[in-house]
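**Q** Okay, here's the structure, questions in a sec.
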Amino acid sequence: QVQLVESGGGLVQAGGSLRLSCAASGLTFAFRRYAMGWSRQAPGKEREFVAAISKSGDTTDYADAVKGRFTMSRDNAKNTVFLQMNRLQPEDTAVYYCAAGFRVQSDYASRFQINYDYWGQGTQVTISS
């Protein structure tokens, strides 16, 4: 049974930082064979792309709204990806989801949700002004 478990969410003031983690287990293939992504969904809005990382970790992609503030990384030895979020703003408030995609081309960081096969349950991030 595949599990992606997000953690690290919480309530912080604007300008603060959070580091999200997503631990994967039960994957059919080795973790390093999955591209990973983060998306978020704010109340009343559709889920949107935040960040993605290639299977090797060499390539990343970010939504314009978070570029320069968020950094995605992965530790293939620990089957975990991270999202370092700095200079958080109230508009970053959302449930953050991680996803794993086996079909994503190697060395490609996909921002398209259709390319991801598994999703976590999400972790709430709330930024107060």
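Chain labels A, B, ... are given in the sequence in which chains occur in the structure tokens; within each chain residues are numbered consecutively from 1, and ligands are likewise numbered from 1 in the order shown.
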Write out as a PyMOL selection string the residues lying within 10 Å of stretch 88-95 of chain A, counting only C-alpha atoms and excluding same-chain residues fewer than 6 positions away.
**A** chain A and resi 9-18+39-43+45+47+65-66+69-70+121-129
**Q** Can you tell me, as a ChimeraX atom specification, what residues are no more than 6 Å from stretch 21-38 of chain A when counting only C-alpha atoms, ignoring any on the same chain fewer than 4 positions away?
**A** /A:1-7,50-55,76,79-82,97-102
**Q** Which is closer to A:Gln84 than all the others in A:Asp117, A:Ala63, A:Thr71, A:Tyr96, using only C-alpha atoms?
**A**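 Nearest to A:Gln84: A:Thr71.
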**Q** Which one of A:Ser110, A:Ser73, A:Arg19, A:Asn86 sits closest to A:Asp61 if you count only C-alpha atoms?
**A**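 Between A:Ser110, A:Ser73, A:Arg19, A:Asn86, the residue approaching A:Asp61 most closely is A:Ser110.
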**Q** In terms of the shortest atom-to-atom distance over only C-alpha atoms, which of A:Gly68, A:Thr59, A:Asn115, A:Gly44 is closest to A:Arg87?
**A**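 Between A:Gly68, A:Thr59, A:Asn115, A:Gly44, the residue approaching A:Arg87 most closely is A:Gly68.
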**Q** Could you write out, as JSON, numbers by chain, all the residues of chain A that DSSP marks as strand (DSSP E or B)?
**A** {"A": [3, 4, 5, 6, 7, 10, 11, 12, 13, 18, 19, 20, 21, 22, 23, 24, 25, 35, 36, 37, 38, 39, 40, 41, 48, 49, 50, 51, 52, 53, 60, 61, 62, 70, 71, 72, 73, 74, 75, 80, 81, 82, 83, 84, 85, 94, 95, 96, 97, 98, 99, 100, 101, 118, 119, 123, 124, 125, 126, 127, 128]}
**Q** Quote the spacing between atom CA of A:Arg74 and atom CA of A:Ser56 in Å to one decimal place.
**A**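 That distance, rounded to one decimal, is 8.5 Å.
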**Q** What gap, in Å, lies between atom CA of A:Phe112 and atom CA of A:Phe49?
**A**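 We find that atom CA of A:Phe112 and atom CA of A:Phe49 lie 7.4 Å from each other.
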**Q** Using only C-alpha atoms, find the one residue out of A:Met72, A:Lys67, A:Ala77, A:Gly57 that sits nearest to A:Asp107.
**A** A:Gly57
**Q** Expressed in Å to a single decimal, how great is the separation between atom CA of A:Arg103 and atom CA of A:Gly8?
**A**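 Taking atom CA of A:Arg103 and atom CA of A:Gly8, their separation equals 27.4 Å.
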